[in-house]
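One structure is given here, and the rest of the page talks about it.
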2 protein chains.
Amino acid sequence: MFGILKLGGSILCNKDIPYSINWDNLNRISMEIKQSIEEYSKKNEKLNLIIIHGGGSFGHPVAKKYINKNEFKNMNIGFWDIQKSMRKFNNIVIDALHEYDIPAVSIQPSSFVAFKGEDIYFDTYVIEGMLKRGLIPVIHGDITLSNEMDYKIFSGDHALPYLSKKLKPDLSLHASDVDGVLDFDNRVIKHITSENINEVLKYLSPSNKEDVTGGMYLKVMEAYKLGVKTIIFNGNKKGNIYKGLMGKEIGTKIN
Amino acid sequence: MFGILKLGGSILCNKDIPYSINWDNLNRISMEIKQSIEEYSKKNEKLNLIIIHGGGSFGHPVAKKYINKNEFKNMNIGFWDIQKSMRKFNNIVIDALHEYDIPAVSIQPSSFVAFKGEDIYFDTYVIEGMLKRGLIPVIHGDITLSNEMDYKIFSGDHALPYLSKKLKPDLSLHASDVDGVLDFDNRVIKHITSENINEVLKYLSPSNKEDVTGGMYLKVMEAYKLGVKTIIFNGNKKGNIYKGLMGKEIGTKIN
């Protein structure tokens, strides 16, 4: 099974406290990933995995120091300041994974990823080579170059659809702090297919709800268009990462 | 002026002590780089710079734990172990540069560089974009993928000729712990050109001297073939980094 798992910054950090780690979640999630690897191994299958984590409370507080009216300022200092903070976070995540013997390795997007307009410039030759060798690349939100002279935050929400589209995993997993895609009555919509996609998008329309959905509209649209089986689920709940990686029914499935 | 400066691990670390920094050199070198930037600025010129540092005492002691009979072993742990150690070293170097207001940023080769046979796979789009923005990319020795399933150390001595060939700097600078290319009487050969290159290569022939020259033969050969003005000099000596960056006569000049 080849999966790409995005761990939202909100489940690895305490959003309200800069540079805080949610250790309970980080350790539990590492353990559940290890469990999945072992479970596949028992079935003589391999779990090929890419992990993506957002900036969490290491990204936003640092980045906002250098953003003024939607533009990056003082990047002679800022570029490294943001890189350094994200390296710290990435070190902590990878070290936690290694505590559970997960062969995680670091991918630092600011070294080689850039934006060209809306397009992402992101070569995956090394990431694919790592997967072949049984390593698990851990990619993080980061500061990147954009167009001729600008900068732009490359987030986990850029990385997941980009890599899913390019590498065509069997499963693309969004673990965040919501239970899935919710309907008008706040019930999880279990399955989104061609049959109900238009109805669902009506619930989520940003113009209707002033984007309190946290960009859910875009996530669902992108996932649907991808043609890759996608699950959106709550990574704060015990057992969900394991279930997700094992392909069990949780949250909202899109395909 | 566009320069690429390689700082040998031997001048930034104490070779005999794992994970040791030569703080005197690191601070002095940072100061001399800053001096050069200011000197160019006074002349209304810009110093575009790429800095490369080797693994020093952060690279070799960690890498050798995972090398057995010239092959990498146990890389499920080793890849991250080497990455992590080099990230630590790179953090220290970049932080020191920022102490002198040098806009240094990190490039982590293991994220996107690989070997294909003897060829290096190394996209420089982001590095070039950093230079345009006045940032100074700091690239380090690192563990990388090689061919189908192997690994290989990507060293500063790979990075310097590769980037010099690709990006055609005005000046390519090797700062190490030797005074330059030496003749039979241990005197520095000041200038290597088409007139004396064959004679010089005779002095350096590895078969003659059992490569006590520390790969000097290869360095000279590569530098000569590049067609980029190259200086090989002693970075341990006060003032030499500054002089080198200002294009003054030190060590051995090859062109």
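Residue numbers start at 1 in each chain; chains themselves are named A, B, ... in the order of the structure tokens; ligands are numbered from 1 in the order shown.
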**Asked** So which residues touch segment 80-89 of chain A within 6 Å, counting only C-alpha atoms, skipping near sequence neighbours fewer than 4 positions away, as a PyMOL selection string?
**Response** (chain A and resi 58+62) or (chain B and resi 105)
Residue list (helix (DSSP H, G or I), DSSP) for segment 43-107 of chain B, as a CSV table (one decimal) with all heavy atoms, in the first residue's frame:
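Listed below is the output, result39.csv:
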```csv
chain,number,residue,atom,x,y,z
B,56,GLY,N,33.1,18.0,7.9
B,56,GLY,CA,34.0,18.3,9.1
B,56,GLY,C,33.8,17.2,10.1
B,56,GLY,O,33.5,16.0,9.7
B,57,SER,N,33.9,17.5,11.3
B,57,SER,CA,33.8,16.5,12.4
B,57,SER,C,32.4,16.2,12.7
B,57,SER,O,32.1,15.4,13.7
B,57,SER,CB,34.6,17.0,13.6
B,57,SER,OG,34.0,18.0,14.3
B,58,PHE,N,31.4,16.7,12.0
B,58,PHE,CA,30.0,16.3,12.1
B,58,PHE,C,29.6,15.3,11.1
B,58,PHE,O,28.6,14.6,11.3
B,58,PHE,CB,29.1,17.6,12.0
B,58,PHE,CG,29.1,18.5,13.1
B,58,PHE,CD1,30.2,19.4,13.3
B,58,PHE,CD2,28.1,18.5,14.1
B,58,PHE,CE1,30.3,20.3,14.3
B,58,PHE,CE2,28.2,19.4,15.1
B,58,PHE,CZ,29.3,20.3,15.3
B,59,GLY,N,30.4,15.2,10.0
B,59,GLY,CA,30.0,14.3,9.0
B,59,GLY,C,30.7,12.9,9.1
B,59,GLY,O,30.0,11.9,9.3
B,60,HIS,N,32.0,13.0,9.2
B,60,HIS,CA,32.8,11.7,9.1
B,60,HIS,C,32.5,10.7,10.2
B,60,HIS,O,32.2,9.6,10.0
B,60,HIS,CB,34.3,12.0,9.0
B,60,HIS,CG,35.1,10.9,8.8
B,60,HIS,ND1,35.1,10.2,7.6
B,60,HIS,CD2,36.0,10.2,9.6
B,60,HIS,CE1,35.9,9.1,7.7
B,60,HIS,NE2,36.5,9.1,8.9
B,61,PRO,N,32.5,11.2,11.5
B,61,PRO,CA,32.3,10.2,12.6
B,61,PRO,C,30.9,9.6,12.6
B,61,PRO,O,30.8,8.4,13.0
B,61,PRO,CB,32.4,11.1,13.9
B,61,PRO,CG,33.0,12.4,13.5
B,61,PRO,CD,32.7,12.6,12.0
B,62,VAL,N,29.9,10.3,12.1
B,62,VAL,CA,28.6,9.7,12.0
B,62,VAL,C,28.5,8.8,10.8
B,62,VAL,O,28.0,7.6,10.9
B,62,VAL,CB,27.5,10.8,11.9
B,62,VAL,CG1,26.1,10.2,11.9
B,62,VAL,CG2,27.6,11.8,13.0
B,63,ALA,N,28.9,9.2,9.6
B,63,ALA,CA,28.9,8.4,8.4
B,63,ALA,C,29.6,7.1,8.6
B,63,ALA,O,29.1,6.0,8.2
B,63,ALA,CB,29.4,9.2,7.2
B,64,LYS,N,30.7,7.1,9.3
B,64,LYS,CA,31.5,5.9,9.3
B,64,LYS,C,30.8,4.8,10.1
B,64,LYS,O,31.1,3.6,10.0
B,64,LYS,CB,33.0,6.1,9.8
B,64,LYS,CG,33.2,6.3,11.2
B,64,LYS,CD,34.7,6.5,11.5
B,64,LYS,CE,34.9,6.6,13.0
B,64,LYS,NZ,36.3,7.0,13.4
B,65,LYS,N,29.9,5.2,11.0
B,65,LYS,CA,29.1,4.2,11.8
B,65,LYS,C,28.3,3.3,10.8
B,65,LYS,O,27.9,2.2,11.2
B,65,LYS,CB,28.2,4.9,12.7
B,65,LYS,CG,28.8,5.5,13.9
B,65,LYS,CD,27.8,5.7,15.1
B,65,LYS,CE,26.9,6.9,14.8
B,65,LYS,NZ,25.9,7.2,15.8
B,66,TYR,N,28.0,3.8,9.6
B,66,TYR,CA,27.1,3.1,8.7
B,66,TYR,C,27.8,2.6,7.5
B,66,TYR,O,27.1,2.2,6.5
B,66,TYR,CB,25.9,4.1,8.4
B,66,TYR,CG,25.2,4.5,9.6
B,66,TYR,CD1,25.4,5.7,10.2
B,66,TYR,CD2,24.3,3.6,10.2
B,66,TYR,CE1,24.7,6.1,11.3
B,66,TYR,CE2,23.6,4.0,11.4
B,66,TYR,CZ,23.9,5.3,11.9
B,66,TYR,OH,23.2,5.6,13.1
B,75,MET,N,20.7,1.8,7.0
B,75,MET,CA,20.4,3.2,6.6
B,75,MET,C,19.0,3.6,7.0
B,75,MET,O,18.6,4.7,7.0
B,75,MET,CB,20.6,3.4,5.1
B,75,MET,CG,22.1,3.4,4.8
B,75,MET,SD,23.0,4.8,5.6
B,75,MET,CE,22.7,6.1,4.5
B,76,ASN,N,18.2,2.6,7.5
B,76,ASN,CA,16.9,3.0,8.1
B,76,ASN,C,17.1,3.9,9.3
B,76,ASN,O,16.2,4.8,9.6
B,76,ASN,CB,16.2,1.7,8.6
B,76,ASN,CG,15.4,1.0,7.5
B,76,ASN,OD1,15.4,1.5,6.4
B,76,ASN,ND2,14.8,-0.1,7.8
B,77,ILE,N,18.2,3.7,10.0
B,77,ILE,CA,18.6,4.7,11.0
B,77,ILE,C,19.6,5.7,10.5
B,77,ILE,O,19.5,6.9,10.8
B,77,ILE,CB,19.2,3.9,12.2
B,77,ILE,CG1,18.1,2.9,12.8
B,77,ILE,CG2,19.7,4.8,13.3
B,77,ILE,CD1,18.7,2.0,13.9
B,78,GLY,N,20.5,5.2,9.7
B,78,GLY,CA,21.7,6.0,9.3
B,78,GLY,C,21.4,7.2,8.5
B,78,GLY,O,22.1,8.2,8.7
B,79,PHE,N,20.4,7.1,7.6
B,79,PHE,CA,20.2,8.3,6.8
B,79,PHE,C,19.8,9.5,7.6
B,79,PHE,O,20.4,10.6,7.5
B,79,PHE,CB,19.1,8.0,5.7
B,79,PHE,CG,19.0,8.9,4.6
B,79,PHE,CD1,19.7,8.6,3.4
B,79,PHE,CD2,18.4,10.1,4.6
B,79,PHE,CE1,19.7,9.4,2.3
B,79,PHE,CE2,18.4,11.0,3.5
B,79,PHE,CZ,19.0,10.7,2.4
B,80,TRP,N,18.9,9.3,8.5
B,80,TRP,CA,18.5,10.4,9.4
B,80,TRP,C,19.6,10.8,10.4
B,80,TRP,O,19.8,12.0,10.6
B,80,TRP,CB,17.2,10.0,10.2
B,80,TRP,CG,16.8,11.1,11.2
B,80,TRP,CD1,16.6,10.8,12.5
B,80,TRP,CD2,16.6,12.5,11.0
B,80,TRP,NE1,16.3,12.0,13.2
B,80,TRP,CE2,16.3,13.0,12.3
B,80,TRP,CE3,16.7,13.3,9.9
B,80,TRP,CZ2,16.0,14.4,12.5
B,80,TRP,CZ3,16.4,14.7,10.1
B,80,TRP,CH2,16.1,15.2,11.4
B,81,ASP,N,20.4,9.8,10.9
B,81,ASP,CA,21.4,10.1,11.8
B,81,ASP,C,22.5,11.1,11.1
B,81,ASP,O,22.9,12.1,11.7
B,81,ASP,CB,22.1,8.8,12.2
B,81,ASP,CG,22.8,8.9,13.6
B,81,ASP,OD1,22.6,9.9,14.3
B,81,ASP,OD2,23.5,8.0,13.9
B,82,ILE,N,22.8,10.8,9.9
B,82,ILE,CA,23.8,11.6,9.2
B,82,ILE,C,23.1,13.0,8.8
B,82,ILE,O,23.7,14.1,9.1
B,82,ILE,CB,24.3,11.0,7.9
B,82,ILE,CG1,25.0,9.6,8.2
B,82,ILE,CG2,25.2,11.9,7.1
B,82,ILE,CD1,25.3,8.7,7.0
B,83,GLN,N,21.9,13.0,8.4
B,83,GLN,CA,21.2,14.2,8.1
B,83,GLN,C,21.1,15.1,9.3
B,83,GLN,O,21.4,16.3,9.2
B,83,GLN,CB,19.7,14.0,7.7
B,83,GLN,CG,19.5,13.6,6.3
B,83,GLN,CD,18.0,13.6,5.9
B,83,GLN,OE1,17.1,13.1,6.7
B,83,GLN,NE2,17.6,14.2,4.8
B,84,LYS,N,20.8,14.5,10.4
B,84,LYS,CA,20.6,15.3,11.6
B,84,LYS,C,21.9,16.0,12.1
B,84,LYS,O,21.9,17.1,12.5
B,84,LYS,CB,20.1,14.4,12.7
B,84,LYS,CG,19.4,15.0,13.9
B,84,LYS,CD,18.9,14.0,14.9
B,84,LYS,CE,18.7,14.6,16.2
B,84,LYS,NZ,18.3,13.5,17.2
B,85,SER,N,23.0,15.2,12.0
B,85,SER,CA,24.3,15.7,12.4
B,85,SER,C,24.7,16.9,11.5
B,85,SER,O,25.2,17.9,12.0
B,85,SER,CB,25.3,14.6,12.4
B,85,SER,OG,26.5,15.1,13.0
B,86,MET,N,24.5,16.7,10.2
B,86,MET,CA,24.8,17.8,9.3
B,86,MET,C,23.9,19.0,9.4
B,86,MET,O,24.4,20.1,9.2
B,86,MET,CB,24.8,17.3,7.8
B,86,MET,CG,26.0,16.4,7.5
B,86,MET,SD,27.6,17.1,8.0
B,86,MET,CE,27.6,18.6,7.1
B,87,ARG,N,22.6,18.8,9.8
B,87,ARG,CA,21.7,19.9,10.0
B,87,ARG,C,22.3,20.7,11.2
B,87,ARG,O,22.2,22.0,11.2
B,87,ARG,CB,20.3,19.4,10.3
B,87,ARG,CG,19.5,19.1,9.0
B,87,ARG,CD,18.5,18.1,9.3
B,87,ARG,NE,17.3,18.6,10.0
B,87,ARG,CZ,16.2,19.0,9.3
B,87,ARG,NH1,16.2,19.1,8.0
B,87,ARG,NH2,15.1,19.4,10.0
B,88,LYS,N,22.8,20.0,12.2
B,88,LYS,CA,23.3,20.7,13.4
B,88,LYS,C,24.5,21.6,13.0
B,88,LYS,O,24.5,22.8,13.4
B,88,LYS,CB,23.7,19.6,14.4
B,88,LYS,CG,23.5,20.0,15.9
B,88,LYS,CD,23.9,18.8,16.8
B,88,LYS,CE,22.7,17.8,16.9
B,88,LYS,NZ,23.0,16.7,17.7
B,89,PHE,N,25.4,21.0,12.3
B,89,PHE,CA,26.6,21.7,11.8
B,89,PHE,C,26.2,22.9,11.0
B,89,PHE,O,26.6,24.1,11.2
B,89,PHE,CB,27.5,20.8,11.0
B,89,PHE,CG,28.8,21.3,10.6
B,89,PHE,CD1,29.4,22.4,11.3
B,89,PHE,CD2,29.6,20.7,9.6
B,89,PHE,CE1,30.6,22.9,10.9
B,89,PHE,CE2,30.8,21.2,9.2
B,89,PHE,CZ,31.3,22.3,9.9
B,90,ASN,N,25.3,22.7,10.0
B,90,ASN,CA,24.8,23.7,9.1
B,90,ASN,C,24.1,24.9,9.9
B,90,ASN,O,24.3,26.1,9.6
B,90,ASN,CB,23.9,23.1,8.1
B,90,ASN,CG,23.4,24.0,6.9
B,90,ASN,OD1,22.3,24.2,6.7
B,90,ASN,ND2,24.4,24.6,6.2
B,91,ASN,N,23.3,24.5,10.9
B,91,ASN,CA,22.7,25.5,11.8
B,91,ASN,C,23.7,26.4,12.4
B,91,ASN,O,23.6,27.6,12.5
B,91,ASN,CB,21.9,24.8,12.9
B,91,ASN,CG,20.5,24.5,12.5
B,91,ASN,OD1,20.0,24.7,11.4
B,91,ASN,ND2,19.7,23.9,13.4
B,92,ILE,N,24.8,25.8,12.9
B,92,ILE,CA,25.8,26.5,13.6
B,92,ILE,C,26.5,27.5,12.7
B,92,ILE,O,26.7,28.7,13.0
B,92,ILE,CB,26.8,25.6,14.3
B,92,ILE,CG1,26.2,24.8,15.4
B,92,ILE,CG2,28.1,26.3,14.8
B,92,ILE,CD1,27.0,23.6,16.0
B,93,VAL,N,26.8,27.0,11.5
B,93,VAL,CA,27.5,27.9,10.5
B,93,VAL,C,26.6,29.0,10.1
B,93,VAL,O,27.1,30.2,10.1
B,93,VAL,CB,27.9,27.1,9.3
B,93,VAL,CG1,28.5,28.0,8.2
B,93,VAL,CG2,29.0,26.0,9.6
B,94,ILE,N,25.4,28.8,9.8
B,94,ILE,CA,24.5,29.8,9.4
B,94,ILE,C,24.2,30.8,10.5
B,94,ILE,O,24.2,32.0,10.3
B,94,ILE,CB,23.2,29.2,8.8
B,94,ILE,CG1,23.5,28.4,7.5
B,94,ILE,CG2,22.2,30.3,8.4
B,94,ILE,CD1,22.3,27.7,6.9
B,95,ASP,N,24.0,30.3,11.7
B,95,ASP,CA,23.8,31.2,12.8
B,95,ASP,C,25.0,32.2,13.0
B,95,ASP,O,24.9,33.4,13.3
B,95,ASP,CB,23.6,30.5,14.1
B,95,ASP,CG,22.1,30.0,14.3
B,95,ASP,OD1,21.3,30.6,13.6
B,95,ASP,OD2,21.8,29.1,15.1
B,96,ALA,N,26.2,31.6,12.8
B,96,ALA,CA,27.4,32.5,13.0
B,96,ALA,C,27.5,33.5,11.9
B,96,ALA,O,27.8,34.7,12.2
B,96,ALA,CB,28.7,31.6,12.9
B,97,LEU,N,27.1,33.2,10.7
B,97,LEU,CA,27.0,34.2,9.6
B,97,LEU,C,26.0,35.3,9.9
B,97,LEU,O,26.3,36.4,9.7
B,97,LEU,CB,26.7,33.5,8.3
B,97,LEU,CG,27.8,32.5,7.7
B,97,LEU,CD1,27.2,31.6,6.6
B,97,LEU,CD2,29.0,33.3,7.2
B,98,HIS,N,24.9,34.9,10.4
B,98,HIS,CA,23.8,35.9,10.8
B,98,HIS,C,24.3,36.8,11.9
B,98,HIS,O,23.8,37.9,12.0
B,98,HIS,CB,22.5,35.2,11.1
B,98,HIS,CG,21.7,34.9,9.9
B,98,HIS,ND1,20.8,35.8,9.4
B,98,HIS,CD2,21.6,33.8,9.1
B,98,HIS,CE1,20.3,35.3,8.3
B,98,HIS,NE2,20.7,34.1,8.1
B,99,GLU,N,25.2,36.3,12.8
B,99,GLU,CA,25.8,37.2,13.8
B,99,GLU,C,26.4,38.4,13.2
B,99,GLU,O,26.6,39.5,13.8
B,99,GLU,CB,26.8,36.4,14.6
B,99,GLU,CG,26.2,35.4,15.6
B,99,GLU,CD,25.5,36.0,16.8
B,99,GLU,OE1,26.0,37.0,17.3
B,99,GLU,OE2,24.4,35.5,17.1
```
Given only C-alpha atoms, how would the per-residue table for chain B near chain A read, listing every residue at most 7 Å away with its closest atom pair and distance in Å to one decimal, sorted by chain and number, as a Markdown table?
```
| residue | atom | partner | partner_atom | distance |
| --- | --- | --- | --- | --- |
| B:Asn76 | CA | A:Pro103 | CA | 4.7 |
| B:Ile77 | CA | A:Pro103 | CA | 6.1 |
| B:Phe79 | CA | A:Val105 | CA | 6.7 |
| B:Trp80 | CA | A:Val105 | CA | 5.2 |
| B:Pro103 | CA | A:Asn76 | CA | 4.7 |
| B:Ala104 | CA | A:Trp80 | CA | 6.9 |
| B:Val105 | CA | A:Trp80 | CA | 5.2 |
| B:Ser106 | CA | A:Ser111 | CA | 6.9 |
| B:Ile107 | CA | A:Ser111 | CA | 4.7 |
| B:Gln108 | CA | A:Ser111 | CA | 6.0 |
| B:Ser111 | CA | A:Ile107 | CA | 4.7 |
| B:Phe112 | CA | A:Val126 | CA | 5.3 |
| B:Val113 | CA | A:Val126 | CA | 6.9 |
| B:Ala114 | CA | A:Val126 | CA | 6.8 |
| B:Val126 | CA | A:Phe112 | CA | 5.3 |
| B:Arg133 | CA | A:Met149 | CA | 6.4 |
| B:Leu135 | CA | A:Asn76 | CA | 6.4 |
| B:Met149 | CA | A:Arg133 | CA | 6.4 |
```
**Pick from B:Tyr242, B:Phe233, B:Tyr224, B:Phe184, whichever lies nearest to Asn255 of chain B using only C-alpha atoms** = B:Tyr224
**Prompt:** Residues at most 10 Å from Lys237 of chain B, counting only C-alpha atoms, excluding those fewer than 2 positions away in the same chain, as a list of chain:residue names?
**Reply:** B:Ile11, B:Asn25, B:Arg28, B:Ile29, B:Ala175, B:Ser176, B:Asp177, B:Val178, B:Asp179, B:Phe233, B:Asn234, B:Gly235, B:Gly239, B:Asn240, B:Ile241
**Request:** as a PyMOL selection string, list the residues of segment 30-79 of chain A assigned to strand (DSSP E or B) by DSSP on the backbone atoms of this structure.
**Result:** chain A and resi 48-53+67-68+71-72
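With only C-alpha atoms as the atoms that count, the minimum distance from Tyr19 of chain A to the choices A:Phe2, A:Thr193, A:Gly55, A:Leu245 is reached by A:Gly55.
With atom CA of Asp142 of chain A on one side and atom CA of His158 of chain A on the other, the separation reads 10.6 Å.
If only C-alpha atoms are the atoms counted, then among A:Lys225, A:Lys202, A:Lys190, A:Lys165 the closest residue to Ile250 of chain A is A:Lys190.
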**Message:** Can you measure atom CA of Ile153 of chain A to atom CA of Gly215 of chain A for me? One decimal in Å is fine.
**Reply:** 15.9 Å
